[in-house]
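Have a look at the structure below before the remarks.
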Amino acid sequence: MGMTHVVDRRLNGKNKSAVNRERFLRRYRHHIKKAVADAVHRRSITDIERGENVSIPSRDTDEPIFHHGQGGKREMVHPGNKEFVTGDTVPKPPGGGGGGQGQGQASPDGEGMDEFAFQITQEEFLDFLFDDLELPNLARKKLKDTEAFKYVRSGFSTQGIPAKLDVVRSLRGAHARRLGLGGARRKKIRRMEEELAALRSAPEDLDPAFSHEDQIKALEDEIADLKANVRRIPFIDEIDLRYRQHIKKPQPATSAVMFCLMDVSGSMTQMHKDIAKRFFILLYLFLKKNYKKIEVVFIRHHTSAKEVDEEEFFYSRETGGTIVSSALKLMHKIIESRYSPAEWNIYAAQASDGDNWNDDSPICSKLLADSILPLVQYYAYVEITPQDHQMLWYEYEKIQERFPQSFALQQIADPGEIYPVFRQLFERKAA
Amino acid sequence: MTDTIDRPNEPKTREPISTSSEWTFPLIEKYDEEIAKCAAEFGLDTYPNQVEVISAEQMMDAYSSVGMPVGYHHWSFGKQFLSTSKGYQRGQMGLAYEIVINSDPCIAYLMEENTLPMQALVIAHASYGHNSFFKGNYLFRTWTDASAIIDYLVFARNYVAECEERYGLDAVEEILDSCHALMNYGVDRYKRPAPISAAEELRRQKEREEYQQRRLNDLWRTIPKLGEDDDPVSRKKRYPEEPQENILYFIEKNAPLLETWQREIIRIVRKLGQYFYPQRQTQVMNEGWATFWHYTLLHRMYDKGLVNDGFMMEFLQSHTAVVYQPPFDSPWYSGINPYTLGFSMFTDLRRICENPTDEDREWFPDFAGSDWLETLHFAMKNFKDESFIQQFLSPKVMRDLKLFAIQNDDEEDVYRITAIHDDPGYRSLREKLARQYNLSYREPNIQVWNVDVRGDRSLTLRHIPVDRVPLGDDTNEVLRHVHRLWGFDVHLESVENGVVMEECHCPEREPDDAD
């Protein structure tokens with residue numbers, strides 16, 4: 001006996017499979033990327049941070065081995081015979097095949113065996129999304145961690161700098177210590193003082209061996225000793241000192257509002273809008289890490305602008321021309337009525353295919369420079385088109401020269417080109 | 001040893017070890033101590049035990065590395081993990097109560113969620129049942145070295161990791177994928193292999209490197225002597241002269257283009273295949289043996305008054321679930337439950353020894369009425385599933401399980417019942433069931449047939465079908481893996497009675513070529 005060794009392994013790492021899981025995701029990244037892209041299309045931009053179900057055709061994940069196929073002559077032994085006797089025959093089901101066991105069972109959840117389904121976590125989801133956007137690592141990290149901190153109180157410690165000394169608590173501690181150390185002696189002093197008083201008031205004993213005088217003297221000496229002793233207990237000692245302790249707590253600043261402006265005129269296809277959506281998502285994720293509360297305002301425009309909900313924003317189509325300034329004007333109006341720059345950090349992201357009514361572009365430029373940019377933290381513009389620039393772009397370029405800190409623009413043809421728009425933003429926050 | 005089974009309610013003063021179903025470490029130790037005493041009474045010889053308590057997540061980790069406590073990294077283990085955790089989270093499947101590893105000391109995992117009776121059941125089942133099987137059964141004794149496996153696994157993991165570092169994840173993954181496809185063909189069935197040892201591996205790695213290159217150069221010396229190719233006899237001579245069933249070994253030693261590290265990885269997969277080889281052939285016996293012993297040991301505990309009725313109720317409930325055999329026409333049916341078959345056989349073996357009937361004396365004259373412990377140990381030590389069934393499956397077990405054989409011949413339009421659990425059927429039924437557990441019946445018989453040493457260096461594998469059963473639809477996929485390892489054309493021919501019935505090629509041939 002005693003050969004058995006019982007070990008508690010529960011505290012050992014539980015993520016032994018993490019690497020293997022990561023290897024699996026790596027191998028099937030194309031499938032997963034597609035699932036993530038579909039999810040991005042499906043989900044709201046404020047609902048990007050959760051995992052996702054992914055299905056991969058089983059034939060892609062199968063590990064082939066040599067095995068028997070259908071056909072030939074097979075014999076199998078089975079349990080639970082009820083009425084068969086040797087020599088019985090059972091007609092084969094029509095359609096042939098059939099027979100051997102194993103192959104072709106339905107899975108219990110009805111997903112069918114031809115799909116290998118699994119879940120990726122929120123973190124993995126974001127990683128694939130960022131891959132899609134070709135986000136550099138530093139930026140990824142910033143989006144995944146919270147970088148702003150606030151110091152919050154977190155109890156007391158016995159060490160610290162004088163500025164953090166908590167006087168009341170330290171004195172309270174000192175008092176308690178004095179009581180603790182001196183209490184017994186004080187009690188004794190009190191008792192002896194009573195005894196002393198009793199002796200003094202009592203009549204003199206006849207026996208000189210019990211002379212009051214000696215006893216009083218002895219008591220008085222002892223009391224003096226004890227009192228000196230008590231006095232020696234320091235009023236405040238190093239161990240009484242208490243310092244307020246603070247820890248860093250992630251601190252998304254306050255509130256932010258994000259304006260999504262998008263051209264929905266006839267020339268914007270669904271593909272354009274999907275790219276735009278990624279652009280908005282990225283801005284949203286960025287803001288989410290930095291602000292406690294975020295509101296999103298969707299403004300769509302063709303020749304006139306309208307505030308809409310997300311569904312309508314991304315999925316309804318209009319025809320006709322484009323007047324960008326209509327959206328800028330509406331945004332300005334909304335800021336004035338609902339989002340005072342004193343309370344809100346204002347961000348704006350505009351997506352368009354570059355079309356604008358020519359006479360309108362200088363108006364946009366003026367609106368931006370005079371009324372909008374002074375109010376906002378950052379304004380990002382993406383032009384989703386592989387074609388040549390039009391008037392609006394050149395006007396915006398001038399704006400960027402004047403406001404390099406708060407204005408960015410980029411022409412993109414696929415999602416990987418969105419990120420540079422944000423580079424400045426990340427760099428600024430990193431500084 | 002006269003009592004134990006089937007005498008549950010004997011009045012006796014009971015002093016159960018515990019009455020709550022909450023486990024604690026001291027309680028687990030106490031139970032283990034008592035179970036060990038019972039096991040010793042029955043003469044179970046085991047490796048020392050190591051019992052590790054783990055969480056459900058850790059159990060899933062253990063699952064996905066096919067029960068290896070350390071393993072190299074590969075996406076297929078990640079896939080296993082994903083499907084396990086999905087099933088578990090949705091409540092579609094419970095996790096196994098235990099995983100046990102054939103190592104010295106024998107490692108058994110207990111899940112922290114288990115109740116105390118379950119922990120006791122697992123200890124009896126794994127740490128004494130499986131453990132004594134690992135130590136006693138001839139296949140395990142021959143093919144695995146329990147004391148070396150953990151070191152070897154560590155060695156393998158480090159080696160693979162080093163290769164990944166040096167040659168890149170993709171290159172290593174490709175080789176591993178290809179090796180896994182052939183893992184079941186990495187064993188010499190009849191030759192006793194050298195035991196695996198990490199230290200030895202390291203020492204010999206260098207030697208092999210040099211030797212192998214020399215040997216390869218000899219084999220592939222391609223400048224033929226003048227006139228030799230015209231000699232019909234030398235042309236006909238095959239290499240290898242005898243067909244080789246250990247395909248991975250053949251490739252490791254002979255593939256012309258592989259680099260040394262690739263050969264080492266083939267070797268690692270081959271050694272793991274060898275480690276799992278006995279398990280693939282003793283499932284019925286191993287599970288049956290462990291189940292028989294958890295049943296017997298815990299009843300013995302009950303007889304000694306060490307556990308109470310509540311404990312037994314819970315234990316019997318899970319025992320019953322484990323040995324449940326759905327009939328062939330049930331929606332839950334997925335083949336013969338090895339726990340049921342094995343447990344029934346060992347239980348019946350004991351009955352045949354203790355209370356033989358006339359039928360038993362006729363069927364098993366050698367051991368009907370003999371000492372049951374000796375007979376059970378003899379059976380455990382010297383057989384594998386196929387021969388165990390052939391030798392010990394009794395008419396009573398066939399009747400109890402209502403076994404019957406059904407034949408599916410693609411040349412007939414009916415299924416035929418060829419034997420049932422009756423007098424004329426017993427022997428043939430037993431033979432058929434035994435054959436079903438024969439590895440070479442379960443898996444296609446494929447061997448290395450020839451290498452065109454002087455020609456295009458192509459490798460030809462030969463498949464010998466049994467009863468015209470063809471190869472499955474993965475075959476071309478697997479051949480691609482063989483091709484990746486071999487580096488030159490690969491052919492596979494199915495040959496019945498000397499006639500090539502079917503051929504596969506990688507790279508695939510144009511239809512014109514094939515004709």
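Convention: chains lettered A, B, ... in structure tokens order; per-chain residue numbering from 1; ligands numbered from 1 as shown.
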
Surrounding residues of segment 96-105 of chain B excluding itself and chain neighbours under 6 positions, 9 Å, only C-alpha atoms, as a ChimeraX atom specification: /A:4 /B:47-50,59,62-63,67-69,111,114,118-119,122-123,125-127,130-131,134-135,140,144-150

Could you please take those selected residues and save C-alpha atoms as a compact mmCIF listing (two decimals), in the first residue's frame?
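part_25.txt, written as the output of this step:
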# COMPACT_ATOMS: atom_id res chain seq x y z
CA THR A 4 -0.56 5.67 -4.79
CA TYR B 47 2.31 -0.38 -11.56
CA PRO B 48 2.42 2.24 -8.79
CA ASN B 49 -0.48 4.65 -9.18
CA GLN B 50 -0.57 8.35 -9.66
CA MET B 59 -10.14 16.86 -19.00
CA ALA B 62 -6.42 15.53 -22.00
CA TYR B 63 -9.09 14.26 -24.37
CA GLY B 67 -4.84 10.89 -23.64
CA MET B 68 -1.18 11.63 -23.98
CA PRO B 69 -0.11 13.78 -21.06
CA MET B 111 -12.51 15.00 -12.69
CA ASN B 114 -17.27 13.71 -9.82
CA MET B 118 -17.61 8.12 -8.82
CA GLN B 119 -14.06 8.85 -7.75
CA VAL B 122 -12.74 5.49 -11.32
CA ILE B 123 -9.89 4.54 -9.02
CA HIS B 125 -11.59 0.92 -12.76
CA ALA B 126 -8.50 2.77 -13.91
CA SER B 127 -5.87 2.54 -11.22
CA HIS B 130 -6.62 -0.91 -16.49
CA ASN B 131 -3.36 -0.62 -14.62
CA PHE B 134 -1.31 -2.70 -18.88
CA LYS B 135 1.15 -4.48 -16.67
CA PHE B 140 1.41 -4.25 -23.81
CA THR B 144 5.13 -0.69 -25.01
CA ASP B 145 7.53 0.32 -22.34
CA ALA B 146 5.48 1.96 -19.61
CA SER B 147 8.48 3.38 -17.84
CA ALA B 148 9.76 5.20 -20.90
CA ILE B 149 6.67 6.62 -22.55
CA ILE B 150 6.49 9.96 -20.74

Taking the DSSP secondary structure from the backbone, can you list the residues of segment 235-480 of chain B that are helix (DSSP H, G or I), as a ChimeraX atom specification? /B:235-236,247-254,260-281,283-303,309-322,338-354,358-363,372-382,385-392,395-401,426-436,439-442,475-480

Hey, can you spit out that residue selection with C-alpha atoms as a CSV table (one decimal), in the first residue's frame?
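Result file is selection-v2.csv:
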chain,number,residue,atom,x,y,z
B,235,ARG,CA,14.8,-6.7,-63.9
B,236,LYS,CA,12.2,-8.9,-62.3
B,247,ILE,CA,4.9,1.4,-44.6
B,248,LEU,CA,6.1,4.3,-42.5
B,249,TYR,CA,9.2,2.4,-41.5
B,250,PHE,CA,9.9,1.6,-45.2
B,251,ILE,CA,9.5,5.2,-46.1
B,252,GLU,CA,11.6,6.4,-43.2
B,253,LYS,CA,14.5,4.2,-44.3
B,254,ASN,CA,14.1,4.4,-48.1
B,260,THR,CA,17.0,13.8,-41.8
B,261,TRP,CA,14.6,15.8,-39.6
B,262,GLN,CA,11.7,14.5,-41.7
B,263,ARG,CA,12.8,11.0,-41.2
B,264,GLU,CA,13.0,11.6,-37.5
B,265,ILE,CA,9.4,12.9,-37.4
B,266,ILE,CA,8.2,9.8,-39.3
B,267,ARG,CA,10.0,7.8,-36.7
B,268,ILE,CA,8.3,9.7,-33.9
B,269,VAL,CA,4.8,9.1,-35.4
B,270,ARG,CA,5.7,5.5,-36.0
B,271,LYS,CA,6.7,5.0,-32.4
B,272,LEU,CA,3.5,6.6,-31.2
B,273,GLY,CA,1.5,4.3,-33.5
B,274,GLN,CA,3.3,1.4,-31.9
B,275,TYR,CA,2.5,2.7,-28.5
B,276,PHE,CA,-1.2,2.8,-29.3
B,277,TYR,CA,-1.1,-0.5,-31.3
B,278,PRO,CA,-1.9,-2.8,-28.3
B,279,GLN,CA,-4.8,-0.5,-27.3
B,280,ARG,CA,-6.4,-0.9,-30.7
B,281,GLN,CA,-6.4,-4.7,-30.3
B,283,GLN,CA,-10.4,-2.7,-26.3
B,284,VAL,CA,-13.0,-5.4,-25.4
B,285,MET,CA,-10.6,-7.1,-23.1
B,286,ASN,CA,-9.1,-4.0,-21.5
B,287,GLU,CA,-12.5,-2.3,-20.8
B,288,GLY,CA,-14.1,-5.6,-19.8
B,289,TRP,CA,-11.3,-6.3,-17.4
B,290,ALA,CA,-11.4,-2.8,-15.8
B,291,THR,CA,-15.2,-3.0,-15.6
B,292,PHE,CA,-15.2,-6.4,-14.1
B,293,TRP,CA,-12.7,-5.2,-11.5
B,294,HIS,CA,-14.4,-2.0,-10.5
B,295,TYR,CA,-17.6,-4.1,-10.1
B,296,THR,CA,-15.9,-6.8,-8.1
B,297,LEU,CA,-13.7,-4.5,-5.9
B,298,LEU,CA,-16.5,-2.1,-4.9
B,299,HIS,CA,-18.7,-5.1,-4.0
B,300,ARG,CA,-15.9,-6.3,-1.9
B,301,MET,CA,-15.8,-2.9,-0.2
B,302,TYR,CA,-19.5,-3.2,0.4
B,303,ASP,CA,-19.1,-6.7,2.0
B,309,ASP,CA,-26.2,1.5,0.5
B,310,GLY,CA,-26.3,5.0,-0.9
B,311,PHE,CA,-22.8,4.6,-2.3
B,312,MET,CA,-23.7,1.3,-3.9
B,313,MET,CA,-26.8,2.8,-5.5
B,314,GLU,CA,-24.9,5.5,-7.1
B,315,PHE,CA,-22.1,3.2,-8.2
B,316,LEU,CA,-24.5,0.7,-9.7
B,317,GLN,CA,-26.4,3.3,-11.6
B,318,SER,CA,-23.3,4.4,-13.4
B,319,HIS,CA,-22.1,0.9,-13.8
B,320,THR,CA,-25.4,-0.1,-15.5
B,321,ALA,CA,-25.1,2.9,-17.8
B,322,VAL,CA,-21.6,1.9,-18.8
B,338,PRO,CA,-16.9,-3.2,-25.8
B,339,TYR,CA,-17.6,-2.6,-22.1
B,340,THR,CA,-20.7,-4.8,-22.3
B,341,LEU,CA,-19.0,-7.6,-24.2
B,342,GLY,CA,-15.9,-7.6,-22.1
B,343,PHE,CA,-17.7,-7.4,-18.8
B,344,SER,CA,-20.1,-10.1,-19.7
B,345,MET,CA,-17.3,-12.4,-20.8
B,346,PHE,CA,-15.1,-12.0,-17.7
B,347,THR,CA,-18.2,-12.3,-15.5
B,348,ASP,CA,-19.2,-15.4,-17.3
B,349,LEU,CA,-15.7,-16.8,-17.1
B,350,ARG,CA,-15.9,-16.6,-13.4
B,351,ARG,CA,-19.2,-18.3,-13.4
B,352,ILE,CA,-17.9,-21.1,-15.6
B,353,CYS,CA,-15.2,-21.7,-13.1
B,354,GLU,CA,-17.3,-21.4,-10.0
B,358,ASP,CA,-22.9,-29.3,-18.4
B,359,GLU,CA,-22.7,-27.0,-21.4
B,360,ASP,CA,-19.7,-25.3,-19.9
B,361,ARG,CA,-18.0,-28.6,-19.2
B,362,GLU,CA,-18.5,-29.5,-22.8
B,363,TRP,CA,-17.3,-26.2,-24.2
B,372,TRP,CA,-11.5,-18.5,-11.3
B,373,LEU,CA,-8.8,-16.0,-10.4
B,374,GLU,CA,-6.1,-18.0,-12.1
B,375,THR,CA,-8.2,-18.5,-15.2
B,376,LEU,CA,-9.1,-14.8,-15.4
B,377,HIS,CA,-5.5,-13.8,-15.0
B,378,PHE,CA,-4.5,-16.3,-17.6
B,379,ALA,CA,-7.0,-14.9,-20.1
B,380,MET,CA,-6.0,-11.3,-19.4
B,381,LYS,CA,-2.3,-12.0,-19.8
B,382,ASN,CA,-2.2,-14.1,-23.0
B,385,ASP,CA,-9.6,-9.3,-28.5
B,386,GLU,CA,-9.7,-11.6,-31.4
B,387,SER,CA,-8.2,-14.6,-29.7
B,388,PHE,CA,-9.9,-13.9,-26.4
B,389,ILE,CA,-13.3,-14.1,-28.1
B,390,GLN,CA,-12.3,-17.1,-30.1
B,391,GLN,CA,-11.2,-18.8,-27.0
B,392,PHE,CA,-13.6,-17.7,-24.2
B,395,PRO,CA,-22.8,-19.9,-25.5
B,396,LYS,CA,-24.4,-18.2,-22.5
B,397,VAL,CA,-23.0,-14.8,-23.3
B,398,MET,CA,-24.1,-15.2,-26.9
B,399,ARG,CA,-27.6,-16.0,-25.7
B,400,ASP,CA,-27.6,-13.2,-23.2
B,401,LEU,CA,-26.6,-10.6,-25.7
B,426,TYR,CA,-22.5,-20.8,-31.6
B,427,ARG,CA,-19.2,-21.8,-33.2
B,428,SER,CA,-19.6,-19.9,-36.4
B,429,LEU,CA,-21.0,-16.9,-34.6
B,430,ARG,CA,-18.0,-16.9,-32.3
B,431,GLU,CA,-15.6,-17.2,-35.2
B,432,LYS,CA,-17.3,-14.3,-37.0
B,433,LEU,CA,-17.2,-12.1,-34.0
B,434,ALA,CA,-13.6,-12.9,-33.3
B,435,ARG,CA,-12.7,-12.0,-36.9
B,436,GLN,CA,-14.5,-8.7,-36.6
B,439,LEU,CA,-7.1,-5.7,-37.2
B,440,SER,CA,-6.3,-7.0,-40.6
B,441,TYR,CA,-10.0,-7.6,-41.2
B,442,ARG,CA,-11.0,-4.2,-39.8
B,475,THR,CA,-7.7,6.4,-50.7
B,476,ASN,CA,-6.6,9.0,-53.2
B,477,GLU,CA,-6.2,11.5,-50.4
B,478,VAL,CA,-4.0,9.1,-48.5
B,479,LEU,CA,-2.0,8.4,-51.6
B,480,ARG,CA,-1.3,12.1,-51.9

Please indicate the distance in Å from atom CA of Leu196 of chain A to atom CA of Ala218 of chain A, rounded to one decimal place. 9.8 Å

List the spatial neighbours of Ala198 of chain A as a compact mmCIF listing (two decimals) with N, CA and C atoms, in the first residue's frame - criterion: any atom at most 12 Å away, only C-alpha atoms, same-chain residues fewer than 6 positions off excluded.
# COMPACT_ATOMS: atom_id res chain seq x y z
N ARG A 191 -6.05 49.64 39.95
CA ARG A 191 -6.32 48.75 41.07
C ARG A 191 -5.43 49.12 42.27
N MET A 192 -4.17 49.41 41.99
CA MET A 192 -3.24 49.73 43.07
C MET A 192 -3.58 51.07 43.71
N GLU A 204 -4.58 52.54 61.39
CA GLU A 204 -3.23 51.98 61.47
C GLU A 204 -3.26 50.59 62.09
N HIS A 212 1.49 50.50 57.69
CA HIS A 212 0.91 51.12 56.49
C HIS A 212 1.92 51.91 55.73
N GLN A 215 3.84 49.87 53.35
CA GLN A 215 3.00 49.38 52.24
C GLN A 215 2.69 50.49 51.26
N ILE A 216 2.34 51.66 51.83
CA ILE A 216 2.02 52.79 50.95
C ILE A 216 3.23 53.14 50.11
N LEU A 219 3.63 50.59 47.39
CA LEU A 219 2.62 50.78 46.34
C LEU A 219 2.95 52.00 45.49

Could you list, as an MDAnalysis selection string, the residues of chain B having an atom within 6 Å of chain A when counting only C-alpha atoms? chainID B and resid 48:55 58 61 73:75 77:78 181 327:328 401:410 413:420 433 443:444 467:472 474:475 478

Hey, can you check how far atom CA of Val264 of chain A sits from atom CA of Ala276 of chain A?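 Result for atom CA of Val264 of chain A versus atom CA of Ala276 of chain A: 11.1 Å, one decimal.
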
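The space separating atom CA of Leu110 of chain B from atom CA of Tyr128 of chain B comes to 13.9 Å.
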
I'd like to know which of B:Phe155, B:Thr282, B:Tyr31, B:Ser76 is closest to Leu139 of chain B, using only C-alpha atoms.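 Among the listed residues, the smallest separation from Leu139 of chain B belongs to B:Thr282.
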
Write out as a ChimeraX atom specification the residues lying within 12 Å of Glu194 of chain A, counting only C-alpha atoms and excluding same-chain residues fewer than 5 positions away. /A:187-189,199-201,216,219-220,223

As a CSV table (one decimal) with N, CA and C atoms, in the first residue's frame, please: the residues near Arg185 of chain A (cut-off 9 Å, only C-alpha atoms, same-chain neighbours under 6 positions excluded).
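Written out: result.csv:
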chain,number,residue,atom,x,y,z
A,226,LEU,N,5.1,51.9,37.0
A,226,LEU,CA,4.2,51.5,36.0
A,226,LEU,C,3.8,52.7,35.1
A,227,LYS,N,3.6,53.9,35.8
A,227,LYS,CA,3.2,55.1,35.1
A,227,LYS,C,4.4,55.5,34.1
A,229,ASN,N,6.4,53.5,32.9
A,229,ASN,CA,6.3,52.5,31.8
A,229,ASN,C,5.3,52.9,30.7
A,230,VAL,N,4.1,53.2,31.2
A,230,VAL,CA,3.1,53.6,30.3
A,230,VAL,C,3.5,54.8,29.5

Residues within 7 Å of segment 155-170 of chain A, please, as a list in words. Count only C-alpha atoms; anything in the same chain fewer than 3 positions from it doesn't count.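 Listing them by chain and then by number gives Gly173, Ala174, Asp240, Leu241, Arg242, Tyr243, Arg244 and Gln245 of chain A.
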
Using only C-alpha atoms, the shortest atom-to-atom distance to Tyr347 of chain A among A:Tyr379, A:Tyr396, A:Phe298, A:Phe403 belongs to A:Tyr379

Using backbone DSSP assignments, extract all strand (DSSP E or B) residues from segment 296-347 of chain A; output them as a list in words. Val296, Val297, Phe298, Ile299, Arg300, His301, Ala305, Lys306, Glu307, Val308, Trp344, Asn345, Ile346 and Tyr347 of chain A

Output C-alpha atoms of each residue in that selection to a file, as a short mmCIF file (atom, residue, chain, number, x, y, z; two decimals), in the first residue's frame.
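In the end it all went to again.cif:
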data_model
loop_
_atom_site.label_atom_id
_atom_site.label_comp_id
_atom_site.auth_asym_id
_atom_site.auth_seq_id
_atom_site.Cartn_x
_atom_site.Cartn_y
_atom_site.Cartn_z
CA VAL A 296 -23.47 56.66 -32.76
CA VAL A 297 -25.31 58.94 -35.14
CA PHE A 298 -25.96 57.76 -38.66
CA ILE A 299 -26.41 60.36 -41.34
CA ARG A 300 -27.02 59.30 -44.88
CA HIS A 301 -27.28 61.62 -47.77
CA ALA A 305 -29.36 64.36 -45.66
CA LYS A 306 -31.29 62.44 -43.06
CA GLU A 307 -30.56 60.94 -39.67
CA VAL A 308 -31.45 57.23 -39.74
CA TRP A 344 -18.77 65.17 -25.74
CA ASN A 345 -15.76 64.07 -27.65
CA ILE A 346 -16.90 64.22 -31.20
CA TYR A 347 -15.61 61.95 -33.95
#
